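S.K.: Please find one structure pasted underneath; my questions will follow.
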Amino acid sequence: MPSHTDKLLDQIRKSIRDDSFVRLTLSKPKDPTGDLKKVLIKYVELKKGASLSVVFRYQRKDLTKNFLLEEGIDQIKSLLSETFLNANLLTTHQDWALEHLPNGKQKWISKAPSITQKPVRSHDKVKPQRVQDQGFLVELGVVSPAGQIQKDKGDKFKQINKFVEIIESLIPRSGLQERDSIQIHDMGAGKGYLTFALYDYLVNKLGQQVEAVGVEVRPDLVELCNSIARKLSFNGLSFEGGFISQYDIPSTDILIALHACDTATDDAIFKGIQAKASLIICSPCCHKQVRQCMLIPEKHKNLVGHGIMLERQAELLTDNMRALLMEAHGYKTKIFEFISSEHTGKNLMIVGERRKNPIDTQVKWDAYQAMKAEFGIERHYLEELLNQLS
Ligand SMILES: C[S@@+](CC[C@H](N)C(=O)[O-])C[C@H]1O[C@@H](n2cnc3c(N)ncnc32)[C@H](O)[C@@H]1O
C-alpha cells in the first residue's frame, strides 16, 4: 500500500500533468531551532523544461533554486523525510495536506480548493515580477488575459510593482513573518490595486495567513472588489464601505493609505497609530488643510512669494509634520519618492515602522512644535486627532 508521502508525490505529478498545480508548501520543521523554516514550491515552464521553482525560506533570507521536475520531486521527498513534518499541496481541483503526527503516523487530508485560478507558468510571461497571481491584474483591467499590460495601464502597473518592492524590504524587519496571521487595513482602497497586490504578495509569495480589509467610501468599488476577491478565492480579503474617520480598527499589523484625499491621510495615520500597527505606509494625496492655516512670518515671505511655492511649501510641511508626529508616537519614519514624478505627481511615500524599543520622543515633539511655530501654522489636523490618545 503506498505511503501518504507517495500519494502526495503522485498528486504533485498528476496536478502538473493536468495543469492544476498551484503551490506546495513544506512547513513545521522537525527541528524548530534549525535555520530553514519553510519551503515554497511553484511549477514553472523554463527553457530547459518543466521545472519546480523552490524557495528555501531561512530565518533571515530566501534562496530560490529551480529543479527539473523529477529532481524537484526527489528534493521534496528528502525534505519531507528529513526536515519537515507538514506539506500542503494546492491544486485548482483540490487541496491536500500531509501531516506527521507525534505518534509517528501520517495523516492525509483533502479539502475543497482554496485557489481555483491557475497561476502563470512561464517565467517569461511573469511580467509583474513581484506579483504572483496575475488574476487580479486581469480582473482589474491592468493586464490582458494573455499577460500583456493594457494600454494606459503602464503607470499603474509600475506603481503596483514598486509598492510590492517596498513591502518586500519592510516585512523581514517587521517580524511579521513570525506571526500565525497578519492583519491588514487599506484605508481609501479605491479599486483595490494595492490591497490585492499586498494580499497576493503575503499569501502567494510568503505563504502567510492574512486577514485584509479595504475600507472605501464608494459602494460601487466595494462591491466590485469583493466580487473579484471571491472570484479569485482570495478568502482572507474583503472590502467594507465607509469613511476612514468612522471605521474602527481595534488592532492591525499593516495599515496602508495610498492617495487618500487631503486629511483622509491623517485619519488613516491616526487609525494606524491608535491600533499600534507595526507598519504604516501612506502616500499622501492633495494637501489643503495646512495651507489654509499658515500665517507665514515676514522672514519667510520671499520663500513663498509665488502661489506655487506656497503650495509646495505647505505640502512639504504637512508631510514633514506628519512624520514628526509619527516619530513622537513611537515610529521610525522614512519619507522618499514612491515612483518617479514622471508617472504621477502624487509620488511621496511616508513609511512608519513601530519601534520595538521605545526611545525618548520629546525631541521629536519639540521639533514638531518648532516647525509649527517657524511657519506660523495654526493647526495640523493629525495633531488634533492624536490629542485624543493622551
Ligand atoms: C485616489 S484613490 C486611491 C485608491 C487606492 N488607494 C490606490 O492607490 O489605488 C482614493 C480613494 O480613496 C477614497 N476615499 C477618499 N476619502 C475617503 C475617506 N475619507 N474614507 C474612505 N474612502 C475615502 C476615494 O473614494 C477613492 O476611491
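Ordered as shown in the C-alpha cells, chains take letters A, B, and onward, while each chain numbers its residues from 1 and ligands are numbered from 1 in the order shown.
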Using only C-alpha atoms and all ligand atoms, determine which residues fall within 8 Å of ligand 1, then list them as an NGL selection string.
M.R.: :A and (186-195 or 215-218 or 221 or 241-245 or 257-264 or 267 or 285)
S.K.: Where in region 286-373 of chain A does DSSP assign strand (DSSP E), given as a PDB file with C-alpha atoms, in the first residue's frame?
M.R.:
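Below is the file that was written, part.pdb:
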```pdb
ATOM      1  CA  TYR A 331       7.537  55.188  14.941  1.00  0.00           C
ATOM      2  CA  LYS A 332      10.769  55.314  12.956  1.00  0.00           C
ATOM      3  CA  THR A 333       9.877  57.114   9.744  1.00  0.00           C
ATOM      4  CA  LYS A 334      11.202  57.499   6.247  1.00  0.00           C
ATOM      5  CA  ILE A 335       9.966  59.810   3.510  1.00  0.00           C
ATOM      6  CA  PHE A 336      11.004  59.034  -0.048  1.00  0.00           C
ATOM      7  CA  GLU A 337       9.887  59.181  -3.659  1.00  0.00           C
ATOM      8  CA  LEU A 348       5.832  60.822  -1.971  1.00  0.00           C
ATOM      9  CA  MET A 349       5.697  57.964   0.467  1.00  0.00           C
ATOM     10  CA  ILE A 350       5.800  58.090   4.261  1.00  0.00           C
ATOM     11  CA  VAL A 351       6.649  54.834   5.981  1.00  0.00           C
ATOM     12  CA  GLY A 352       6.469  54.378   9.735  1.00  0.00           C
ATOM     13  CA  GLU A 353       7.916  51.295  11.426  1.00  0.00           C
ATOM     14  CA  ARG A 354       6.800  50.913  15.028  1.00  0.00           C
TER      15      ARG A 354
END
```
S.K.: In Å, how far is it from CA of Thr64 (chain A) to CA of Leu8 (chain A)?
M.R.: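 That distance, rounded to one decimal, is 22.1 Å.
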S.K.: What lies within 12 Å of region 300-307 of chain A using only C-alpha atoms, ignoring chain neighbours under 5 positions off, as a PyMOL selection string?
M.R.: chain A and resi 291+294-295+312-314+374-376
S.K.: For the residues in the current selection, export N, CA, C and O atoms as a PDB file, in the first residue's frame.
M.R.:
```pdb
ATOM      1  N   ARG A 291      -2.144  74.374   4.390  1.00  0.00           N
ATOM      2  CA  ARG A 291      -2.005  75.604   3.586  1.00  0.00           C
ATOM      3  C   ARG A 291      -3.024  76.664   4.006  1.00  0.00           C
ATOM      4  O   ARG A 291      -2.733  77.858   4.023  1.00  0.00           O
ATOM      5  N   MET A 294      -1.806  78.710   7.331  1.00  0.00           N
ATOM      6  CA  MET A 294      -0.415  79.154   7.513  1.00  0.00           C
ATOM      7  C   MET A 294      -0.389  80.679   7.570  1.00  0.00           C
ATOM      8  O   MET A 294      -0.888  81.343   6.662  1.00  0.00           O
ATOM      9  N   LEU A 295       0.177  81.211   8.643  1.00  0.00           N
ATOM     10  CA  LEU A 295       0.365  82.663   8.725  1.00  0.00           C
ATOM     11  C   LEU A 295       1.858  82.890   8.575  1.00  0.00           C
ATOM     12  O   LEU A 295       2.594  82.959   9.564  1.00  0.00           O
ATOM     13  N   ARG A 312       3.788  74.275  -2.601  1.00  0.00           N
ATOM     14  CA  ARG A 312       4.816  73.233  -2.387  1.00  0.00           C
ATOM     15  C   ARG A 312       5.293  73.234  -0.934  1.00  0.00           C
ATOM     16  O   ARG A 312       5.502  72.192  -0.321  1.00  0.00           O
ATOM     17  N   GLN A 313       5.495  74.465  -0.413  1.00  0.00           N
ATOM     18  CA  GLN A 313       5.980  74.569   0.972  1.00  0.00           C
ATOM     19  C   GLN A 313       4.967  73.942   1.939  1.00  0.00           C
ATOM     20  O   GLN A 313       5.325  73.226   2.872  1.00  0.00           O
ATOM     21  N   ALA A 314       3.692  74.205   1.662  1.00  0.00           N
ATOM     22  CA  ALA A 314       2.641  73.649   2.532  1.00  0.00           C
ATOM     23  C   ALA A 314       2.646  72.120   2.469  1.00  0.00           C
ATOM     24  O   ALA A 314       2.479  71.441   3.482  1.00  0.00           O
ATOM     25  N   GLU A 374       7.691  78.084  13.440  1.00  0.00           N
ATOM     26  CA  GLU A 374       8.534  78.740  12.430  1.00  0.00           C
ATOM     27  C   GLU A 374       7.708  79.205  11.227  1.00  0.00           C
ATOM     28  O   GLU A 374       7.949  80.247  10.657  1.00  0.00           O
ATOM     29  N   PHE A 375       6.724  78.410  10.836  1.00  0.00           N
ATOM     30  CA  PHE A 375       5.943  78.742   9.643  1.00  0.00           C
ATOM     31  C   PHE A 375       4.532  79.239   9.965  1.00  0.00           C
ATOM     32  O   PHE A 375       3.669  79.296   9.088  1.00  0.00           O
ATOM     33  N   GLY A 376       4.327  79.572  11.209  1.00  0.00           N
ATOM     34  CA  GLY A 376       3.043  80.164  11.592  1.00  0.00           C
ATOM     35  C   GLY A 376       1.857  79.255  11.296  1.00  0.00           C
ATOM     36  O   GLY A 376       0.812  79.713  10.811  1.00  0.00           O
TER      37      GLY A 376
END
```
S.K.: Near region 54-63 of chain A, counting only C-alpha atoms, which residues have an atom at most 12 Å away, once you skip same-chain residues fewer than 5 positions from it, shown as a VMD selection string?
M.R.: chain A and resid 23 to 27 29 32 to 44 68 to 69 71 to 73 75 to 76 79 83 168 to 169 171 to 175 177 to 178 205 to 207
S.K.: With distances taken over only C-alpha atoms, which residue among A:Leu232, A:Leu310, A:Ala97, A:Met321 lies nearest Leu140 (chain A)?
M.R.: A:Leu232
S.K.: Can you pull out the residues contacting Thr318 (chain A)? Cut-off 8 Å, using only C-alpha atoms, and skip same-chain residues under 5 positions away; I want them as a PyMOL selection string.
M.R.: chain A and resi 287+290+380
S.K.: Take the residues from that selection and put them in a file with all heavy atoms, as an mmCIF file, in the first residue's frame.
M.R.:
```cif
data_model
loop_
_atom_site.group_PDB
_atom_site.id
_atom_site.type_symbol
_atom_site.label_atom_id
_atom_site.label_comp_id
_atom_site.auth_asym_id
_atom_site.auth_seq_id
_atom_site.Cartn_x
_atom_site.Cartn_y
_atom_site.Cartn_z
ATOM 1 N N HIS A 287 -3.038 68.353 -0.584
ATOM 2 C CA HIS A 287 -2.763 68.917 0.751
ATOM 3 C C HIS A 287 -3.467 70.256 0.859
ATOM 4 O O HIS A 287 -2.998 71.221 0.262
ATOM 5 C CB HIS A 287 -1.268 69.159 0.928
ATOM 6 C CG HIS A 287 -0.408 67.939 0.785
ATOM 7 N ND1 HIS A 287 -0.237 67.279 -0.389
ATOM 8 C CD2 HIS A 287 0.356 67.284 1.691
ATOM 9 C CE1 HIS A 287 0.591 66.256 -0.202
ATOM 10 N NE2 HIS A 287 0.963 66.229 1.047
ATOM 11 N N VAL A 290 -3.239 72.309 5.871
ATOM 12 C CA VAL A 290 -2.176 73.140 6.457
ATOM 13 C C VAL A 290 -2.049 74.467 5.704
ATOM 14 O O VAL A 290 -1.906 75.536 6.298
ATOM 15 C CB VAL A 290 -0.839 72.353 6.480
ATOM 16 C CG1 VAL A 290 0.341 73.277 6.738
ATOM 17 C CG2 VAL A 290 -0.886 71.269 7.567
ATOM 18 N N HIS A 380 -2.570 71.529 12.888
ATOM 19 C CA HIS A 380 -2.356 70.380 11.989
ATOM 20 C C HIS A 380 -3.400 69.348 12.399
ATOM 21 O O HIS A 380 -3.475 68.955 13.564
ATOM 22 C CB HIS A 380 -0.932 69.837 12.142
ATOM 23 C CG HIS A 380 -0.522 68.877 11.057
ATOM 24 N ND1 HIS A 380 -1.203 67.711 10.784
ATOM 25 C CD2 HIS A 380 0.499 68.929 10.158
ATOM 26 C CE1 HIS A 380 -0.620 67.082 9.775
ATOM 27 N NE2 HIS A 380 0.423 67.804 9.371
#
```
S.K.: I'd like to know which of A:Ser81, A:Asn204, A:Ser390, A:Gln246 is closest to Val22 (chain A), using only C-alpha atoms.
M.R.: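 Answer, going by the shortest atom-to-atom distance: A:Asn204.
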S.K.: Between A:Ile228, A:Leu170, A:Ala323, A:Ala87, which one has atoms that come closest to Ser278 (chain A), using only C-alpha atoms?
M.R.: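 The closest residue to Ser278 (chain A) is A:Leu170.
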S.K.: Could you jot down the CA of Ile249 (chain A) to CA of Phe270 (chain A) separation for me, Å, one decimal place?
M.R.: 10.5 Å
S.K.: Find the spatial neighbours of Pro145 (chain A), counting only C-alpha atoms, within a cut-off of 10 Å - ignore same-chain residues fewer than 6 positions away - and output them as a list in words.
M.R.: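 Within the cut-off, the hits are Gln134, Gly135, Leu137, Val138 and Glu139 of chain A.
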S.K.: Got time to write the residues from that selection, C-alpha atoms, as a PDB file, in the first residue's frame?
M.R.:
```pdb
ATOM      1  CA  GLN A 134      -1.813  37.749 -12.155  1.00  0.00           C
ATOM      2  CA  GLY A 135      -5.547  37.014 -11.899  1.00  0.00           C
ATOM      3  CA  LEU A 137      -4.397  42.342 -12.518  1.00  0.00           C
ATOM      4  CA  VAL A 138      -6.523  40.831 -15.271  1.00  0.00           C
ATOM      5  CA  GLU A 139      -9.764  41.361 -13.329  1.00  0.00           C
TER       6      GLU A 139
END
```
S.K.: List every residue of region 10-241 of chain A that DSSP, applied to the backbone of this structure, assigns to helix (DSSP H, G or I), and report them as an MDAnalysis selection string.
M.R.: chainID A and resid 10:17 69:82 123:125 135:139 154:174 176:178 193:205 219:231
S.K.: Provide the CA of Gln183 (chain A) to CA of Cys225 (chain A) distance in Å, to one decimal place.
M.R.: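 These atoms are spaced 18.0 Å apart.
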S.K.: Show me, as a ChimeraX atom specification, the residues that have an atom within 10 Å of Glu383 (chain A) when counting only C-alpha atoms, minus same-chain residues fewer than 5 positions from it.
M.R.: /A:266,270,321-322,325-326,368,388
S.K.: So, counting only C-alpha atoms, which residue among A:Ser53, A:Arg17, A:Ile12, A:Thr5 is closest to Asn86 (chain A)?
M.R.: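 For Asn86 (chain A), the nearest of the candidates is A:Thr5.
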S.K.: May I ask which of the residues A:Leu9, A:Ala373, A:Leu386, A:Leu52 is the closest one to Asn88 (chain A), counting only C-alpha atoms?
M.R.: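 Counting only C-alpha atoms, the residue closest to Asn88 (chain A) is A:Leu9.
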S.K.: Counting only C-alpha atoms, figure out which residue out of A:Thr116, A:Asn66, A:Gln94, A:Thr252 gets nearest to Leu279 (chain A).
M.R.: A:Thr252
